[in-house]
$ cat upload_26.cif   # mmCIF, C-alpha atoms
data_final
#
loop_
_atom_site.group_PDB
_atom_site.id
_atom_site.type_symbol
_atom_site.label_atom_id
_atom_site.label_comp_id
_atom_site.auth_asym_id
_atom_site.auth_seq_id
_atom_site.Cartn_x
_atom_site.Cartn_y
_atom_site.Cartn_z
ATOM 1 C CA LEU A 5 -69.640 -6.414 -37.282
ATOM 2 C CA GLY A 6 -69.108 -2.631 -36.886
ATOM 3 C CA PHE A 7 -69.225 -2.919 -33.091
ATOM 4 C CA GLU A 8 -66.597 -5.676 -33.101
ATOM 5 C CA ALA A 9 -64.350 -3.563 -35.317
ATOM 6 C CA LEU A 10 -64.846 -0.640 -32.917
ATOM 7 C CA VAL A 11 -63.989 -2.853 -29.914
ATOM 8 C CA HIS A 12 -61.017 -4.270 -31.794
ATOM 9 C CA ALA A 13 -59.802 -0.756 -32.696
ATOM 10 C CA GLU A 14 -60.298 0.365 -29.083
ATOM 11 C CA ARG A 15 -58.193 -2.576 -27.837
ATOM 12 C CA ARG A 16 -55.421 -1.795 -30.347
ATOM 13 C CA SER A 17 -55.471 1.854 -29.294
ATOM 14 C CA MET A 18 -55.231 0.882 -25.593
ATOM 15 C CA SER A 19 -52.445 -1.588 -26.397
ATOM 16 C CA ALA A 20 -50.501 1.049 -28.351
ATOM 17 C CA THR A 21 -51.007 3.583 -25.533
ATOM 18 C CA ALA A 22 -49.769 1.066 -22.944
ATOM 19 C CA SER A 23 -46.796 0.167 -25.156
ATOM 20 C CA LYS A 24 -45.899 3.859 -25.567
ATOM 21 C CA ALA A 25 -46.160 4.436 -21.805
ATOM 22 C CA HIS A 26 -43.981 1.406 -21.200
ATOM 23 C CA GLN A 27 -41.387 2.680 -23.711
ATOM 24 C CA ASP A 28 -41.424 6.121 -22.084
ATOM 25 C CA ALA A 29 -40.864 4.534 -18.672
ATOM 26 C CA GLN A 30 -37.951 2.500 -20.048
ATOM 27 C CA LEU A 31 -36.437 5.628 -21.595
ATOM 28 C CA VAL A 32 -36.682 7.451 -18.268
ATOM 29 C CA GLN A 33 -35.023 4.484 -16.527
ATOM 30 C CA LEU A 34 -32.240 4.423 -19.104
ATOM 31 C CA ALA A 35 -31.667 8.154 -18.677
ATOM 32 C CA GLU A 36 -31.506 7.722 -14.874
ATOM 33 C CA CYS A 37 -29.046 4.844 -15.265
ATOM 34 C CA GLY A 38 -26.930 6.981 -17.589
ATOM 35 C CA GLY A 39 -26.899 9.800 -15.050
ATOM 36 C CA LEU A 40 -25.890 7.439 -12.233
ATOM 37 C CA PHE A 41 -23.231 5.925 -14.437
ATOM 38 C CA ARG A 42 -21.846 9.362 -15.324
ATOM 39 C CA GLN A 43 -21.810 10.290 -11.637
ATOM 40 C CA ALA A 44 -19.872 7.095 -10.811
ATOM 41 C CA LEU A 45 -17.467 7.864 -13.645
ATOM 42 C CA GLU A 46 -16.872 11.379 -12.297
ATOM 43 C CA GLU A 47 -16.222 9.951 -8.823
ATOM 44 C CA ARG A 48 -13.704 7.533 -10.320
ATOM 45 C CA ARG A 49 -12.060 10.367 -12.218
ATOM 46 C CA ALA A 50 -11.768 12.336 -8.972
ATOM 47 C CA LYS A 51 -10.189 9.313 -7.293
ATOM 48 C CA LEU A 52 -7.794 8.997 -10.219
ATOM 49 C CA VAL A 53 -6.776 12.631 -9.848
ATOM 50 C CA GLN A 54 -6.232 12.067 -6.114
ATOM 51 C CA THR A 55 -4.152 8.968 -6.840
ATOM 52 C CA GLN A 56 -2.091 10.920 -9.367
ATOM 53 C CA LEU A 57 -1.488 13.612 -6.738
ATOM 54 C CA GLU A 58 -0.375 10.966 -4.260
ATOM 55 C CA VAL A 59 1.937 9.437 -6.855
ATOM 56 C CA SER A 60 3.376 12.888 -7.531
ATOM 57 C CA ARG A 61 3.947 13.415 -3.809
ATOM 58 C CA ALA A 62 5.558 9.999 -3.530
ATOM 59 C CA GLN A 63 7.770 10.805 -6.512
ATOM 60 C CA ARG A 64 8.898 14.034 -4.833
ATOM 61 C CA CYS A 65 9.559 12.089 -1.637
ATOM 62 C CA THR A 66 11.520 9.500 -3.598
ATOM 63 C CA ASP A 67 13.512 12.247 -5.301
ATOM 64 C CA ASN A 68 14.298 13.769 -1.915
ATOM 65 C CA LEU A 69 15.391 10.388 -0.590
ATOM 66 C CA ARG A 70 17.584 9.878 -3.645
ATOM 67 C CA ARG A 71 19.187 13.276 -3.108
ATOM 68 C CA GLU A 72 19.780 12.404 0.539
ATOM 69 C CA LEU A 73 21.249 9.053 -0.491
ATOM 70 C CA ASP A 74 23.544 10.827 -2.950
ATOM 71 C CA GLU A 75 24.633 13.167 -0.173
ATOM 72 C CA VAL A 76 25.329 10.194 2.108
ATOM 73 C CA ARG A 77 27.301 8.518 -0.688
ATOM 74 C CA SER A 78 29.300 11.685 -1.282
ATOM 75 C CA SER A 79 29.964 12.005 2.424
ATOM 76 C CA ARG A 80 30.952 8.343 2.609
ATOM 77 C CA GLU A 81 33.297 8.729 -0.356
ATOM 78 C CA ALA A 82 34.884 11.785 1.246
ATOM 79 C CA HIS A 83 35.318 9.868 4.502
ATOM 80 C CA ASN A 84 36.745 6.888 2.643
ATOM 81 C CA LYS A 85 39.174 9.148 0.801
ATOM 82 C CA GLU A 86 40.141 10.761 4.082
ATOM 83 C CA PHE A 87 40.456 7.323 5.644
ATOM 84 C CA ARG A 88 42.707 6.137 2.799
ATOM 85 C CA GLN A 89 44.788 9.268 3.140
ATOM 86 C CA MET A 90 45.104 8.670 6.862
ATOM 87 C CA VAL A 91 46.084 5.042 6.295
ATOM 88 C CA ASP A 92 48.666 6.114 3.722
ATOM 89 C CA ALA A 93 50.021 8.690 6.138
ATOM 90 C CA ALA A 94 50.169 6.097 8.893
ATOM 91 C CA ARG A 95 52.119 3.748 6.618
ATOM 92 C CA ARG A 96 54.572 6.473 5.722
ATOM 93 C CA ASP A 97 54.941 7.339 9.381
ATOM 94 C CA ALA A 98 55.423 3.692 10.332
ATOM 95 C CA SER A 99 58.085 3.018 7.685
ATOM 96 C CA ALA A 100 59.932 6.219 8.626
ATOM 97 C CA ALA A 101 59.740 5.223 12.283
ATOM 98 C CA LEU A 102 61.459 1.874 11.708
ATOM 99 C CA THR A 103 64.826 3.612 12.118
ATOM 100 C CA ASP A 104 64.006 4.865 15.550
ATOM 101 C CA ARG A 105 62.439 2.457 18.088
ATOM 102 C CA ASP A 106 61.244 5.132 20.452
ATOM 103 C CA VAL A 107 59.562 7.035 17.635
ATOM 104 C CA LEU A 108 58.088 3.738 16.393
ATOM 105 C CA LYS A 109 56.477 3.027 19.764
ATOM 106 C CA SER A 110 54.922 6.479 20.076
ATOM 107 C CA GLU A 111 53.824 6.488 16.437
ATOM 108 C CA LEU A 112 52.430 2.981 16.790
ATOM 109 C CA ARG A 113 50.333 4.032 19.778
ATOM 110 C CA ARG A 114 49.064 7.046 17.838
ATOM 111 C CA VAL A 115 48.167 4.917 14.826
ATOM 112 C CA HIS A 116 46.292 2.440 17.039
ATOM 113 C CA ARG A 117 44.237 5.206 18.581
ATOM 114 C CA GLY A 118 43.507 6.686 15.132
ATOM 115 C CA GLN A 119 42.654 3.259 13.757
ATOM 116 C CA GLU A 120 40.121 2.644 16.524
ATOM 117 C CA LYS A 121 38.518 5.995 15.829
ATOM 118 C CA ARG A 122 38.433 5.290 12.095
ATOM 119 C CA GLU A 123 36.888 1.885 12.713
ATOM 120 C CA VAL A 124 34.197 3.483 14.857
ATOM 121 C CA ASP A 125 33.655 6.121 12.149
ATOM 122 C CA ALA A 126 33.574 3.431 9.467
ATOM 123 C CA MET A 127 31.065 1.401 11.506
ATOM 124 C CA LEU A 128 28.865 4.495 11.920
ATOM 125 C CA LEU A 129 29.097 5.183 8.191
ATOM 126 C CA ARG A 130 28.163 1.590 7.352
ATOM 127 C CA ARG A 131 25.132 1.853 9.630
ATOM 128 C CA ALA A 132 24.101 5.149 8.000
ATOM 129 C CA VAL A 133 24.442 3.611 4.531
ATOM 130 C CA GLU A 134 22.426 0.546 5.541
ATOM 131 C CA THR A 135 19.694 2.771 6.957
ATOM 132 C CA SER A 136 19.628 4.870 3.794
ATOM 133 C CA LYS A 137 19.443 1.742 1.617
ATOM 134 C CA LYS A 138 16.537 0.421 3.657
ATOM 135 C CA GLN A 139 14.685 3.740 3.415
ATOM 136 C CA ALA A 140 15.271 3.868 -0.330
ATOM 137 C CA GLY A 141 14.022 0.279 -0.676
ATOM 138 C CA ASP A 142 10.900 1.081 1.339
ATOM 139 C CA ALA A 143 10.257 4.144 -0.824
ATOM 140 C CA CYS A 144 10.642 2.040 -3.991
ATOM 141 C CA ILE A 145 8.141 -0.510 -2.676
ATOM 142 C CA GLN A 146 5.657 2.242 -1.854
ATOM 143 C CA LEU A 147 6.170 3.840 -5.259
ATOM 144 C CA GLU A 148 5.597 0.487 -7.004
ATOM 145 C CA LYS A 149 2.355 -0.020 -5.056
ATOM 146 C CA MET A 150 1.157 3.442 -6.030
ATOM 147 C CA ARG A 151 2.073 2.750 -9.666
ATOM 148 C CA CYS A 152 0.002 -0.453 -9.580
ATOM 149 C CA ASP A 153 -2.927 1.429 -7.998
ATOM 150 C CA LEU A 154 -2.685 4.079 -10.703
ATOM 151 C CA GLU A 155 -2.653 1.449 -13.470
ATOM 152 C CA GLU A 156 -5.731 -0.191 -11.924
ATOM 153 C CA ALA A 157 -7.529 3.172 -11.749
ATOM 154 C CA VAL A 158 -6.694 3.875 -15.400
ATOM 155 C CA ARG A 159 -7.946 0.419 -16.382
ATOM 156 C CA ARG A 160 -11.201 0.955 -14.458
ATOM 157 C CA GLU A 161 -11.698 4.374 -16.044
ATOM 158 C CA ALA A 162 -11.264 2.844 -19.513
ATOM 159 C CA GLN A 163 -13.856 0.179 -18.662
ATOM 160 C CA CYS A 164 -16.245 2.862 -17.421
ATOM 161 C CA LYS A 165 -15.808 4.843 -20.626
ATOM 162 C CA LEU A 166 -16.563 1.745 -22.696
ATOM 163 C CA GLN A 167 -19.659 1.010 -20.605
ATOM 164 C CA LEU A 168 -20.822 4.627 -20.919
ATOM 165 C CA GLU A 169 -20.348 4.559 -24.695
ATOM 166 C CA SER A 170 -22.275 1.284 -24.879
ATOM 167 C CA LEU A 171 -25.075 2.750 -22.769
ATOM 168 C CA ASP A 172 -25.169 5.905 -24.945
ATOM 169 C CA THR A 173 -25.429 3.663 -28.031
ATOM 170 C CA VAL A 174 -28.341 1.728 -26.478
ATOM 171 C CA VAL A 175 -30.166 4.951 -25.568
ATOM 172 C CA ALA A 176 -29.607 6.399 -29.053
ATOM 173 C CA SER A 177 -30.835 3.156 -30.638
ATOM 174 C CA PHE A 178 -33.886 3.130 -28.389
ATOM 175 C CA LYS A 179 -34.690 6.755 -29.279
ATOM 176 C CA GLN A 180 -34.275 5.965 -32.975
ATOM 177 C CA GLN A 181 -36.666 3.013 -32.698
ATOM 178 C CA GLN A 182 -39.172 5.141 -30.821
ATOM 179 C CA TRP A 183 -38.945 7.890 -33.453
ATOM 180 C CA GLN A 184 -39.426 5.344 -36.250
ATOM 181 C CA GLN A 185 -42.473 3.923 -34.487
ATOM 182 C CA GLN A 186 -43.937 7.401 -34.157
ATOM 183 C CA GLN A 187 -43.299 8.024 -37.849
ATOM 184 C CA GLN A 188 -45.021 4.765 -38.730
ATOM 185 C CA GLN A 189 -48.007 5.572 -36.544
ATOM 186 C CA GLN A 190 -48.487 8.928 -38.231
#

$ encode --input "upload_26.cif" --output "structure tokens"
Amino acid sequence: LGFEALVHAERRSMSATASKAHQDAQLVQLAECGGLFRQALEERRAKLVQTQLEVSRAQRCTDNLRRELDEVRSSREAHNKEFRQMVDAARRDASAALTDRDVLKSELRRVHRGQEKREVDAMLLRRAVETSKKQAGDACIQLEKMRCDLEEAVRREAQCKLQLESLDTVVASFKQQQWQQQQQQQ
């Protein structure tokens, strides 16, 4: 009976030693996983910082394009005002020239030449405005894409933080259980 109790005690001791070794191995694995997870989180944070820098650059580019568009608008408005002034002057000249046919013919030729030039200028201005609008639209599309990428990166970072907190909770719980088992064994 004493020998069986000794064998039984030896088996329990070996079982407890194997269980402790297994728990230690699991704790090491959890610590390694936590380290890898933290490393992945840091890489994601670095990518987020890079994305924020790119968004900032895109914002500066967009601001520059907006300033250029404002300059084009101002230039267009000045040209339109000048054009209106020229048209008004041409009308005044034409109505004054009605009294004199020879003056009317020469003034009419001058107005036609000026009108052609203004039409060419107006066409060039319209093309410049269309080009500016297209560039501004392209910049807005790019900015929207970068905003979506940034939102996705922020969402992924939040998920990573939650996963890291969950993993820290599991490790803390595991350590607490291990400590309690050691206290019970003593």

$ closest_residue --input "upload_26.cif" --among "A:Phe178, A:Ser110, A:His116, A:Leu45" --to "Val32 (chain A)" --atoms "all atoms listed in the file"
A:Phe178

$ resolve_selection --input "upload_26.cif" --expression "the PyMOL selection byres ((chain A and resi 39-44) around 12)" --output "list of chain:residue names"
A:Val32, A:Gln33, A:Leu34, A:Ala35, A:Glu36, A:Cys37, A:Gly38, A:Leu45, A:Glu46, A:Glu47, A:Arg48, A:Arg49, A:Ala50, A:Lys51, A:Arg160, A:Glu161, A:Gln163, A:Cys164, A:Lys165, A:Leu166, A:Gln167, A:Leu168, A:Glu169, A:Ser170, A:Leu171, A:Asp172

$ axis_aligned_box --input "upload_26.cif" --around "region 51-59 of chain A" --padding-each-side "5 Å" --output "lines of an AutoDock Vina configuration file"
center_x = -4.1
center_y = 11.3
center_z = -7.2
size_x = 22.1
size_y = 14.6
size_z = 16.0

$ closest_residue --input "upload_26.cif" --among "A:Arg16, A:Arg80, A:Phe7, A:Trp183" --to "Arg131 (chain A)" --atoms "only C-alpha atoms"
A:Arg80

$ atom_distance --input "upload_26.cif" --atom1 "CA of Glu111 (chain A)" --atom2 "CA of Lys85 (chain A)"
21.6 Å

$ closest_residue --input "upload_26.cif" --among "A:Glu120, A:Gln185, A:Gln56, A:Ser19" --to "Glu156 (chain A)" --atoms "only C-alpha atoms"
A:Gln56

$ resolve_selection --input "upload_26.cif" --expression "the PyMOL selection byres ((chain A and resi 139-155) around 9)" --output "compact mmCIF listing (two decimals) with C-alpha atoms, keeping the file's coordinate frame"
# COMPACT_ATOMS: atom_id res chain seq x y z
CA LEU A 52 -7.79 9.00 -10.22
CA THR A 55 -4.15 8.97 -6.84
CA GLN A 56 -2.09 10.92 -9.37
CA GLU A 58 -0.38 10.97 -4.26
CA VAL A 59 1.94 9.44 -6.86
CA ALA A 62 5.56 10.00 -3.53
CA GLN A 63 7.77 10.80 -6.51
CA CYS A 65 9.56 12.09 -1.64
CA THR A 66 11.52 9.50 -3.60
CA LEU A 69 15.39 10.39 -0.59
CA ARG A 70 17.58 9.88 -3.64
CA LEU A 73 21.25 9.05 -0.49
CA GLU A 134 22.43 0.55 5.54
CA THR A 135 19.69 2.77 6.96
CA SER A 136 19.63 4.87 3.79
CA LYS A 137 19.44 1.74 1.62
CA LYS A 138 16.54 0.42 3.66
CA GLU A 156 -5.73 -0.19 -11.92
CA ALA A 157 -7.53 3.17 -11.75
CA VAL A 158 -6.69 3.88 -15.40
CA ARG A 159 -7.95 0.42 -16.38
CA ARG A 160 -11.20 0.96 -14.46

$ atom_distance --input "upload_26.cif" --atom1 "CA of Ala132 (chain A)" --atom2 "CA of Phe87 (chain A)"
16.7 Å

$ atom_distance --input "upload_26.cif" --atom1 "CA of Gln119 (chain A)" --atom2 "CA of Glu72 (chain A)"
28.0 Å

$ closest_residue --input "upload_26.cif" --among "A:Asp67, A:Glu81, A:Glu8, A:Asp97" --to "Arg130 (chain A)" --atoms "all atoms listed in the file"
A:Glu81

$ closest_residue --input "upload_26.cif" --among "A:Ser23, A:Val115, A:Val133, A:Ala126" --to "Asp74 (chain A)" --atoms "all atoms listed in the file"
A:Val133
